[in-house]
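Visitor: Here it is, the structure in full.
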Amino acid sequence: MLTGVGPGAAGSACGAGAGSKPLTVDGHMPLWRRKSFWLALSVWLLLLFLGLFPLRLAVPPRPLPGRSQGWPRWLDAAFLRSFFQSEALPEDGPQLRQAPRGSSCTWGACFDTSKCKGNLLKIFVHSSAGPTAEAHRRILDSLEGSRYYALSPAEACLHLFLPSQDHRGACGPLPPYWNGGRNHLVLSLYPAPCTRLGQAMVAEASPSSDIFRPGFDVALPYLPEAHPLRGGVPGQLRQHSPQPGATLLAVAEEKGGWRTHASACPWDRHCEQDPGPQQIHPGETLPNATFCLIPGHRSAASCFLQALQVLTALREMLPSRILSLRQQTQFLWTAYFSSVEKVVHTTLEIIQDRIWGASGHPSLMWNSPPGALLALPTFSTSLKDFPFYHLQQGSSPESSFSALIWVGVSGEPLLKLIQVVAASRHCAQILILWSSEEPPPDRWPETTVPLAVIEGHRKASDRFFPYDNISTNAILSLDVHSTLSTSEVDFAFAVWQSFPERMVGFLTWNHFWNEAQGVWGYSTELANEFSMALTTAAFYHRYYHTLFTHSLTKALRTLVDDTPACVDVLMNFLVATVTRLPPIKVPYGRQRQDAAPLVAEGPGPRPEPQPLAQDCINHVAARFGHMPLVSSRVRMDPVLFKDPVSVQRKKYRSLEKP
């Protein structure tokens with residue numbers, strides 16, 4: 001046994017035989033010799049480990065010839081960012097053992113991207129001859145109606161095969177159009193014996209490292225049978241900051257269980273002698289520790305971790321860094337692992353990125369909210385075009401907006417609304433979405449901004465189609481009966497520029513849980529709390545038109561076409577799912593609130609929603625798998641709003657007119 005000395009020792013080291021004599025350090029050995037001895041021993045253990053157990057490490061981009069590259073500093077931000085980019089490993093890097101079947105498969109050799117029309121991934125699911133297993137049914141439910149789903153093999157560039165076994169344990173028959181497995185994905189949420197099939201990609205839970213093909217196969221997490229199909233629950237982390245005296249590290253053991261190391265240097269920096277590893281915790285459940293490490297080769301890797309004095313490095317980590325890491329785990333769980341649907345869609349999005357190549361999701365999209373599933377590169381290849389990344393990019397939203405006015409019935413209110421909106425110094429264009437059975441007028445009022453007419457199809461979902469005519473990122477969505485002043489428009493747009501990822505609206509609704517009936521409901525009455533902004537008068541980012549059209553299922557879009565009152569509910573669900581924040585309410589004239597319409601079908605007082613419209617919130621919540629709406633009691637008002645000062649000092653004077 002080797003007994004460590006000094007504050008840098010990491011408990012008892014591994015590798016000595018049971019009969020070894022204790023090695024003690026007394027006053028006869030000089031200090032520099034003691035340090036040299038331990039340094040040499042650590043290096044020897046490291047080299048021994050690397051020689052016997054080659055590791056596949058994430059390698060940063062290869063340095064330029066003739067330039068040296070030193071060791072990275074602990075938590076070197078620039079070095080860590082280099083891992084974000086998907087760079088090819090050098091030719092002389094250590095490789096995992098090849099799969100015994102289909103071992104020659106790589107992305108270029110076994111997948112024909114030319115079959116993907118427009119480089120979009122469409123997947124056709126082979127139907128099963130026998131009864132559908134529960135795990136297979138959950139996969140099918142997560143795909144049907146999604147943007148990946150293809151109705152026929154001719155539309156698809158990827159064919160999904162769900163492996164099965166008969167009652168004797170023999171693998172089921174291969175599907176038609178098999179073609180040796182080329183352009184096929186074999187998917188299993190649980191480890192299965194019938195997944196290694198020729199040239200097919202394999203996505204399965206906990207794959208063995210000796211047959212896994214990096215860059216071709218996809219490794220899935222092992223999901224419990226009761227894992228939610230959609231939505232899922234947020235992460236269960238209750239304590240975001242490390243508690244003093246909490247267990248610092250738990251290392252997975254080779255034969256199961258966990259070996260924990262108590263924090264010898266608590267977060268208040270009052271260090272004590274390291275008590276060494278504590279008792280092994282049996283079972284698969286993660287112990288309550290700040291860090292849990294799961295080495296590839298468990299027992300040997302434990303020695304490796306101790307040789308690198310990983311405990312000392314972890315103790316040096318600041319609480320603020322621990323907090324950010326814990327927050328990141330909650331984001332990753334919510335974005336990619338909290339439901340079966342998210343796990344399956346993440347698998348397909350990984351394959352989609354391989355098809356796109358350099359045009360796929362950059363690392364920032366994968367590793368920051370809202371995540372790659374809700375940030376579609378088909379919208380733009382520039383991060384600045386999205387509403388989520390201005391802070392990271394150091395950019396600001398643009399200073400102009402497009403007004404999109406939905407017209408079901410023509411009349412005088414439309415002409416007045418056009419003049420009010422065109423008078424805004426921020427208005428770049430006015431688009432009239434004509435959805436009336438009557439033809440549009442031949443002449444329109446003269447405005448200082450361009451005005452164009454878009455022919456609609458008299459469907460509620462038309463309002464959120466990503467029209468090419470829209471030239472700005474900011475959209476002011478209006479109904480022909482909306483009554484706003486230019487000052488209200490200008491102030492609302494100024495608020496939106498500070499919160500470009502959120503909806504900024506004038507009229508609001510609020511959702512609630514009906515305990516007696518066990519259902520969701522919503523109220524249209526003016527109240528001190530709200531969770532939805534009506535899109536008949538609201539600012540939002542045009543990216544939400546892309547998400548509405550290409551991310552929501554066809555069933556949800558059909559729902560709002562059949563029940564137009566549901567359109568505001570669905571749009572607010574979508575934005576709240578992306579932002580996990582409520583909309584923002586801005587001032588609106590009282591005399592106009594009393595006359596605001598419920599839906600974009602005509603003027604008049606706002607009645608309570610009809611039963612079908614009221615029930616749409618439950619249909620939408622069931623399809624989303626959770627309730628994403630967030631309530632708020634905050635309204636944004638201009639500075640000096642209603643203050644007893646001269647009106648000449650106020651920027652938005654008309655907001656206070658009776």
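How things are named: the first chain in the structure tokens is A, the next is B, and so on; residues count from 1 in each chain; ligands count from 1 in the order shown.
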Which of region 297-532 of chain A counts as strand (DSSP E) under DSSP, as a ChimeraX atom specification please?

Guide: /A:401-407,427-434,451-455,474-479,504-505,508-514,519-523,532

Visitor: Contacts of Val343 (chain A) at 12 Å or less, counting only C-alpha atoms, minus same-chain residues fewer than 4 places along, as an MDAnalysis selection string?

Guide: chainID A and resid 138:139 142:143 187:189 203:205 218:223 227:232 332:339 347:350 373

Visitor: Could those residues be written to a file, using N, CA, C and O atoms, as a compact mmCIF listing (two decimals), in the first residue's frame?

Guide:
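Below you can see selection-v4.txt, which holds the result:
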```
# COMPACT_ATOMS: atom_id res chain seq x y z
N ARG A 138 -44.01 3.25 -28.58
CA ARG A 138 -43.62 4.57 -28.07
C ARG A 138 -42.73 5.30 -29.07
O ARG A 138 -42.82 6.52 -29.23
N ILE A 139 -41.87 4.55 -29.75
CA ILE A 139 -41.02 5.16 -30.77
C ILE A 139 -41.87 5.65 -31.93
O ILE A 139 -41.69 6.77 -32.43
N SER A 142 -43.76 8.81 -31.14
CA SER A 142 -42.91 10.00 -31.10
C SER A 142 -42.55 10.50 -32.49
O SER A 142 -42.13 11.65 -32.64
N LEU A 143 -42.71 9.67 -33.52
CA LEU A 143 -42.34 10.04 -34.87
C LEU A 143 -43.51 10.50 -35.72
O LEU A 143 -43.38 11.40 -36.54
N LEU A 187 -32.99 0.93 -34.46
CA LEU A 187 -33.14 1.69 -33.22
C LEU A 187 -33.76 0.82 -32.14
O LEU A 187 -34.77 0.15 -32.37
N SER A 188 -33.16 0.86 -30.97
CA SER A 188 -33.69 0.12 -29.82
C SER A 188 -33.43 0.93 -28.56
O SER A 188 -32.30 1.35 -28.30
N LEU A 189 -34.50 1.17 -27.78
CA LEU A 189 -34.36 1.93 -26.54
C LEU A 189 -33.68 1.13 -25.45
O LEU A 189 -33.29 1.69 -24.41
N ALA A 203 -28.65 2.66 -33.34
CA ALA A 203 -28.87 3.56 -32.21
C ALA A 203 -29.51 2.72 -31.11
O ALA A 203 -30.68 2.35 -31.22
N GLU A 204 -28.75 2.40 -30.09
CA GLU A 204 -29.26 1.56 -29.01
C GLU A 204 -28.73 2.05 -27.67
O GLU A 204 -27.75 2.80 -27.60
N ALA A 205 -29.40 1.60 -26.62
CA ALA A 205 -29.00 2.01 -25.28
C ALA A 205 -27.78 1.23 -24.83
O ALA A 205 -27.67 0.02 -25.06
N VAL A 218 -25.07 5.64 -33.00
CA VAL A 218 -25.48 6.64 -32.01
C VAL A 218 -25.76 5.90 -30.70
O VAL A 218 -26.50 4.91 -30.69
N ALA A 219 -25.16 6.37 -29.62
CA ALA A 219 -25.37 5.78 -28.30
C ALA A 219 -26.53 6.46 -27.60
O ALA A 219 -26.59 7.69 -27.53
N LEU A 220 -27.48 5.67 -27.10
CA LEU A 220 -28.65 6.20 -26.40
C LEU A 220 -28.53 5.96 -24.91
O LEU A 220 -27.87 5.01 -24.47
N PRO A 221 -29.19 6.78 -24.10
CA PRO A 221 -29.24 6.51 -22.66
C PRO A 221 -30.19 5.35 -22.38
O PRO A 221 -31.13 5.10 -23.15
N TYR A 222 -29.95 4.67 -21.29
CA TYR A 222 -30.84 3.57 -20.89
C TYR A 222 -32.04 4.18 -20.16
O TYR A 222 -31.91 4.74 -19.08
N LEU A 223 -33.22 4.09 -20.76
CA LEU A 223 -34.41 4.73 -20.23
C LEU A 223 -35.22 3.75 -19.39
O LEU A 223 -35.37 2.58 -19.75
N HIS A 227 -40.57 5.92 -18.50
CA HIS A 227 -40.12 7.24 -18.95
C HIS A 227 -41.23 7.91 -19.76
O HIS A 227 -41.86 7.26 -20.60
N PRO A 228 -41.51 9.22 -19.53
CA PRO A 228 -42.62 9.88 -20.24
C PRO A 228 -42.43 9.83 -21.75
O PRO A 228 -41.31 9.93 -22.26
N LEU A 229 -43.54 9.71 -22.46
CA LEU A 229 -43.48 9.71 -23.92
C LEU A 229 -43.18 11.11 -24.45
O LEU A 229 -42.33 11.27 -25.34
N ARG A 230 -43.86 12.11 -23.92
CA ARG A 230 -43.67 13.49 -24.37
C ARG A 230 -43.49 14.41 -23.16
O ARG A 230 -43.89 14.09 -22.06
N GLY A 231 -42.95 15.58 -23.44
CA GLY A 231 -42.84 16.61 -22.41
C GLY A 231 -41.83 16.26 -21.35
O GLY A 231 -40.71 16.76 -21.34
N GLY A 232 -42.21 15.37 -20.44
CA GLY A 232 -41.33 14.99 -19.35
C GLY A 232 -41.38 16.01 -18.22
O GLY A 232 -41.97 17.08 -18.33
N LEU A 332 -29.53 20.19 -20.17
CA LEU A 332 -29.34 19.03 -21.04
C LEU A 332 -30.43 18.00 -20.81
O LEU A 332 -30.95 17.39 -21.76
N TRP A 333 -30.79 17.78 -19.55
CA TRP A 333 -31.86 16.83 -19.24
C TRP A 333 -33.18 17.28 -19.89
O TRP A 333 -33.86 16.50 -20.56
N THR A 334 -33.54 18.53 -19.68
CA THR A 334 -34.81 19.03 -20.19
C THR A 334 -34.85 19.04 -21.71
O THR A 334 -35.87 18.72 -22.32
N ALA A 335 -33.74 19.39 -22.35
CA ALA A 335 -33.73 19.56 -23.80
C ALA A 335 -33.66 18.25 -24.56
O ALA A 335 -34.25 18.13 -25.64
N TYR A 336 -32.98 17.23 -24.01
CA TYR A 336 -32.67 16.04 -24.81
C TYR A 336 -33.07 14.70 -24.18
O TYR A 336 -33.17 13.72 -24.90
N PHE A 337 -33.29 14.63 -22.86
CA PHE A 337 -33.45 13.33 -22.23
C PHE A 337 -34.73 13.15 -21.43
O PHE A 337 -35.00 12.05 -20.96
N SER A 338 -35.54 14.17 -21.26
CA SER A 338 -36.66 14.08 -20.33
C SER A 338 -37.85 13.29 -20.86
O SER A 338 -38.80 13.04 -20.11
N SER A 339 -37.85 12.89 -22.12
CA SER A 339 -38.94 12.09 -22.67
C SER A 339 -38.42 11.19 -23.78
O SER A 339 -37.33 11.43 -24.32
N THR A 347 -31.69 11.81 -31.58
CA THR A 347 -30.98 10.86 -32.42
C THR A 347 -31.07 11.25 -33.89
O THR A 347 -30.07 11.26 -34.62
N LEU A 348 -32.27 11.58 -34.33
CA LEU A 348 -32.45 11.97 -35.74
C LEU A 348 -31.79 13.30 -36.05
O LEU A 348 -31.28 13.51 -37.16
N GLU A 349 -31.77 14.21 -35.08
CA GLU A 349 -31.12 15.51 -35.32
C GLU A 349 -29.60 15.35 -35.44
O GLU A 349 -28.95 16.10 -36.17
N ILE A 350 -29.04 14.38 -34.71
CA ILE A 350 -27.61 14.08 -34.86
C ILE A 350 -27.33 13.60 -36.29
O ILE A 350 -26.35 14.02 -36.93
N LEU A 373 -33.00 20.93 -30.76
CA LEU A 373 -34.30 20.50 -31.28
C LEU A 373 -35.22 21.69 -31.56
O LEU A 373 -36.16 21.58 -32.35
```

Visitor: As a short mmCIF file (atom, residue, chain, number, x, y, z; two decimals) with C-alpha atoms, in the first residue's frame, please: the residues near region 105-109 of chain A (cut-off 9 Å, only C-alpha atoms, same-chain neighbours under 5 positions excluded).

Guide:
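Result file around-v4.cif:
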```
data_model
loop_
_atom_site.label_atom_id
_atom_site.label_comp_id
_atom_site.auth_asym_id
_atom_site.auth_seq_id
_atom_site.Cartn_x
_atom_site.Cartn_y
_atom_site.Cartn_z
CA GLY A 198 -24.79 -5.20 -42.10
CA GLN A 199 -24.38 -1.59 -43.15
CA ALA A 200 -27.20 -0.21 -41.03
CA MET A 201 -26.58 2.50 -38.46
CA ARG A 213 -18.64 2.74 -34.56
CA PRO A 214 -17.90 6.39 -33.69
CA GLY A 215 -19.25 8.90 -36.19
CA PHE A 216 -21.70 6.31 -37.53
CA ARG A 354 -24.19 14.68 -40.44
#
```

Visitor: Can you tell me, as a list in words, what residues are no more than 9 Å from region 322-331 of chain A when counting only C-alpha atoms, ignoring any on the same chain fewer than 5 positions away?

Guide: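 The contact residues come out as Pro234, Gly235, Gln236, Leu237, His240, Ser241, Pro242, Thr290, Met317, Tyr336, Asn367, Ser368, Pro369, Pro370 and Gly371 of chain A.
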
Visitor: Pull all heavy atoms from the residues just selected and write them as an mmCIF file, in the first residue's frame.

Guide:
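Resulting contents of part23.cif:
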```cif
data_model
loop_
_atom_site.group_PDB
_atom_site.id
_atom_site.type_symbol
_atom_site.label_atom_id
_atom_site.label_comp_id
_atom_site.auth_asym_id
_atom_site.auth_seq_id
_atom_site.Cartn_x
_atom_site.Cartn_y
_atom_site.Cartn_z
ATOM 1 N N PRO A 234 -39.246 18.399 -15.291
ATOM 2 C CA PRO A 234 -37.941 19.060 -15.161
ATOM 3 C C PRO A 234 -37.005 18.229 -14.299
ATOM 4 O O PRO A 234 -37.407 17.284 -13.614
ATOM 5 C CB PRO A 234 -38.291 20.401 -14.491
ATOM 6 C CG PRO A 234 -39.764 20.536 -14.569
ATOM 7 C CD PRO A 234 -40.336 19.176 -14.727
ATOM 8 N N GLY A 235 -35.718 18.584 -14.338
ATOM 9 C CA GLY A 235 -34.738 17.905 -13.506
ATOM 10 C C GLY A 235 -35.095 18.002 -12.035
ATOM 11 O O GLY A 235 -35.702 18.978 -11.588
ATOM 12 N N GLN A 236 -34.701 16.999 -11.260
ATOM 13 C CA GLN A 236 -35.079 16.923 -9.852
ATOM 14 C C GLN A 236 -34.047 17.553 -8.924
ATOM 15 O O GLN A 236 -34.099 17.352 -7.720
ATOM 16 C CB GLN A 236 -35.291 15.453 -9.459
ATOM 17 C CG GLN A 236 -36.402 14.768 -10.232
ATOM 18 C CD GLN A 236 -37.746 15.451 -10.022
ATOM 19 O OE1 GLN A 236 -38.150 15.723 -8.898
ATOM 20 N NE2 GLN A 236 -38.433 15.746 -11.110
ATOM 21 N N LEU A 237 -33.089 18.295 -9.481
ATOM 22 C CA LEU A 237 -32.062 18.906 -8.652
ATOM 23 C C LEU A 237 -32.680 20.010 -7.810
ATOM 24 O O LEU A 237 -33.203 20.992 -8.324
ATOM 25 C CB LEU A 237 -30.946 19.483 -9.524
ATOM 26 C CG LEU A 237 -29.739 20.051 -8.790
ATOM 27 C CD1 LEU A 237 -29.054 18.969 -7.982
ATOM 28 C CD2 LEU A 237 -28.766 20.679 -9.765
ATOM 29 N N HIS A 240 -28.925 23.772 -5.868
ATOM 30 C CA HIS A 240 -28.015 24.146 -6.945
ATOM 31 C C HIS A 240 -26.630 24.501 -6.434
ATOM 32 O O HIS A 240 -25.653 24.373 -7.148
ATOM 33 C CB HIS A 240 -28.590 25.323 -7.745
ATOM 34 C CG HIS A 240 -29.732 24.940 -8.625
ATOM 35 N ND1 HIS A 240 -29.559 24.394 -9.878
ATOM 36 C CD2 HIS A 240 -31.065 25.002 -8.425
ATOM 37 C CE1 HIS A 240 -30.742 24.147 -10.424
ATOM 38 N NE2 HIS A 240 -31.668 24.513 -9.565
ATOM 39 N N SER A 241 -26.531 24.978 -5.215
ATOM 40 C CA SER A 241 -25.230 25.328 -4.661
ATOM 41 C C SER A 241 -24.726 24.197 -3.779
ATOM 42 O O SER A 241 -25.505 23.569 -3.060
ATOM 43 C CB SER A 241 -25.326 26.624 -3.842
ATOM 44 O OG SER A 241 -25.760 27.688 -4.656
ATOM 45 N N PRO A 242 -23.416 23.904 -3.802
ATOM 46 C CA PRO A 242 -22.883 22.812 -2.989
ATOM 47 C C PRO A 242 -23.026 23.105 -1.507
ATOM 48 O O PRO A 242 -22.826 24.231 -1.050
ATOM 49 C CB PRO A 242 -21.410 22.744 -3.403
ATOM 50 C CG PRO A 242 -21.115 24.077 -3.995
ATOM 51 C CD PRO A 242 -22.375 24.557 -4.608
ATOM 52 N N THR A 290 -21.364 15.616 -5.073
ATOM 53 C CA THR A 290 -21.243 16.772 -5.967
ATOM 54 C C THR A 290 -20.817 16.341 -7.360
ATOM 55 O O THR A 290 -21.326 16.839 -8.359
ATOM 56 C CB THR A 290 -20.241 17.778 -5.392
ATOM 57 O OG1 THR A 290 -20.681 18.175 -4.081
ATOM 58 C CG2 THR A 290 -20.138 19.013 -6.273
ATOM 59 N N MET A 317 -12.312 23.843 -7.359
ATOM 60 C CA MET A 317 -13.355 24.435 -8.198
ATOM 61 C C MET A 317 -14.233 25.368 -7.371
ATOM 62 O O MET A 317 -14.682 25.021 -6.281
ATOM 63 C CB MET A 317 -14.201 23.331 -8.836
ATOM 64 C CG MET A 317 -15.108 23.835 -9.937
ATOM 65 S SD MET A 317 -15.962 22.492 -10.794
ATOM 66 C CE MET A 317 -14.577 21.700 -11.621
ATOM 67 N N TYR A 336 -32.979 17.231 -24.007
ATOM 68 C CA TYR A 336 -32.675 16.043 -24.809
ATOM 69 C C TYR A 336 -33.068 14.701 -24.180
ATOM 70 O O TYR A 336 -33.170 13.717 -24.904
ATOM 71 C CB TYR A 336 -31.173 15.994 -25.122
ATOM 72 C CG TYR A 336 -30.651 17.235 -25.778
ATOM 73 C CD1 TYR A 336 -29.677 18.024 -25.170
ATOM 74 C CD2 TYR A 336 -31.144 17.667 -27.011
ATOM 75 C CE1 TYR A 336 -29.194 19.179 -25.769
ATOM 76 C CE2 TYR A 336 -30.674 18.817 -27.619
ATOM 77 C CZ TYR A 336 -29.695 19.574 -26.991
ATOM 78 O OH TYR A 336 -29.232 20.712 -27.587
ATOM 79 N N ASN A 367 -25.526 23.356 -26.973
ATOM 80 C CA ASN A 367 -25.141 23.461 -25.567
ATOM 81 C C ASN A 367 -25.703 24.667 -24.838
ATOM 82 O O ASN A 367 -25.250 24.978 -23.738
ATOM 83 C CB ASN A 367 -23.607 23.479 -25.464
ATOM 84 C CG ASN A 367 -23.005 22.157 -25.895
ATOM 85 O OD1 ASN A 367 -23.195 21.135 -25.255
ATOM 86 N ND2 ASN A 367 -22.273 22.171 -27.000
ATOM 87 N N SER A 368 -26.658 25.371 -25.426
ATOM 88 C CA SER A 368 -27.300 26.482 -24.732
ATOM 89 C C SER A 368 -28.777 26.491 -25.095
ATOM 90 O O SER A 368 -29.169 25.993 -26.150
ATOM 91 C CB SER A 368 -26.635 27.815 -25.097
ATOM 92 O OG SER A 368 -26.746 28.070 -26.484
ATOM 93 N N PRO A 369 -29.622 27.022 -24.190
ATOM 94 C CA PRO A 369 -31.056 27.042 -24.449
ATOM 95 C C PRO A 369 -31.387 27.803 -25.730
ATOM 96 O O PRO A 369 -30.703 28.759 -26.074
ATOM 97 C CB PRO A 369 -31.613 27.772 -23.208
ATOM 98 C CG PRO A 369 -30.572 27.575 -22.149
ATOM 99 C CD PRO A 369 -29.273 27.580 -22.884
ATOM 100 N N PRO A 370 -32.425 27.355 -26.466
ATOM 101 C CA PRO A 370 -33.369 26.288 -26.116
ATOM 102 C C PRO A 370 -32.931 24.893 -26.536
ATOM 103 O O PRO A 370 -33.678 23.940 -26.368
ATOM 104 C CB PRO A 370 -34.625 26.702 -26.885
ATOM 105 C CG PRO A 370 -34.084 27.352 -28.122
ATOM 106 C CD PRO A 370 -32.850 28.091 -27.681
ATOM 107 N N GLY A 371 -31.740 24.745 -27.124
ATOM 108 C CA GLY A 371 -31.257 23.445 -27.572
ATOM 109 C C GLY A 371 -31.466 23.232 -29.052
ATOM 110 O O GLY A 371 -32.213 23.956 -29.727
#
```

Visitor: How many Å lie between CA of Tyr190 (chain A) and CA of Leu160 (chain A), rounded to one decimal?

Guide: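 These atoms are spaced 15.8 Å apart.
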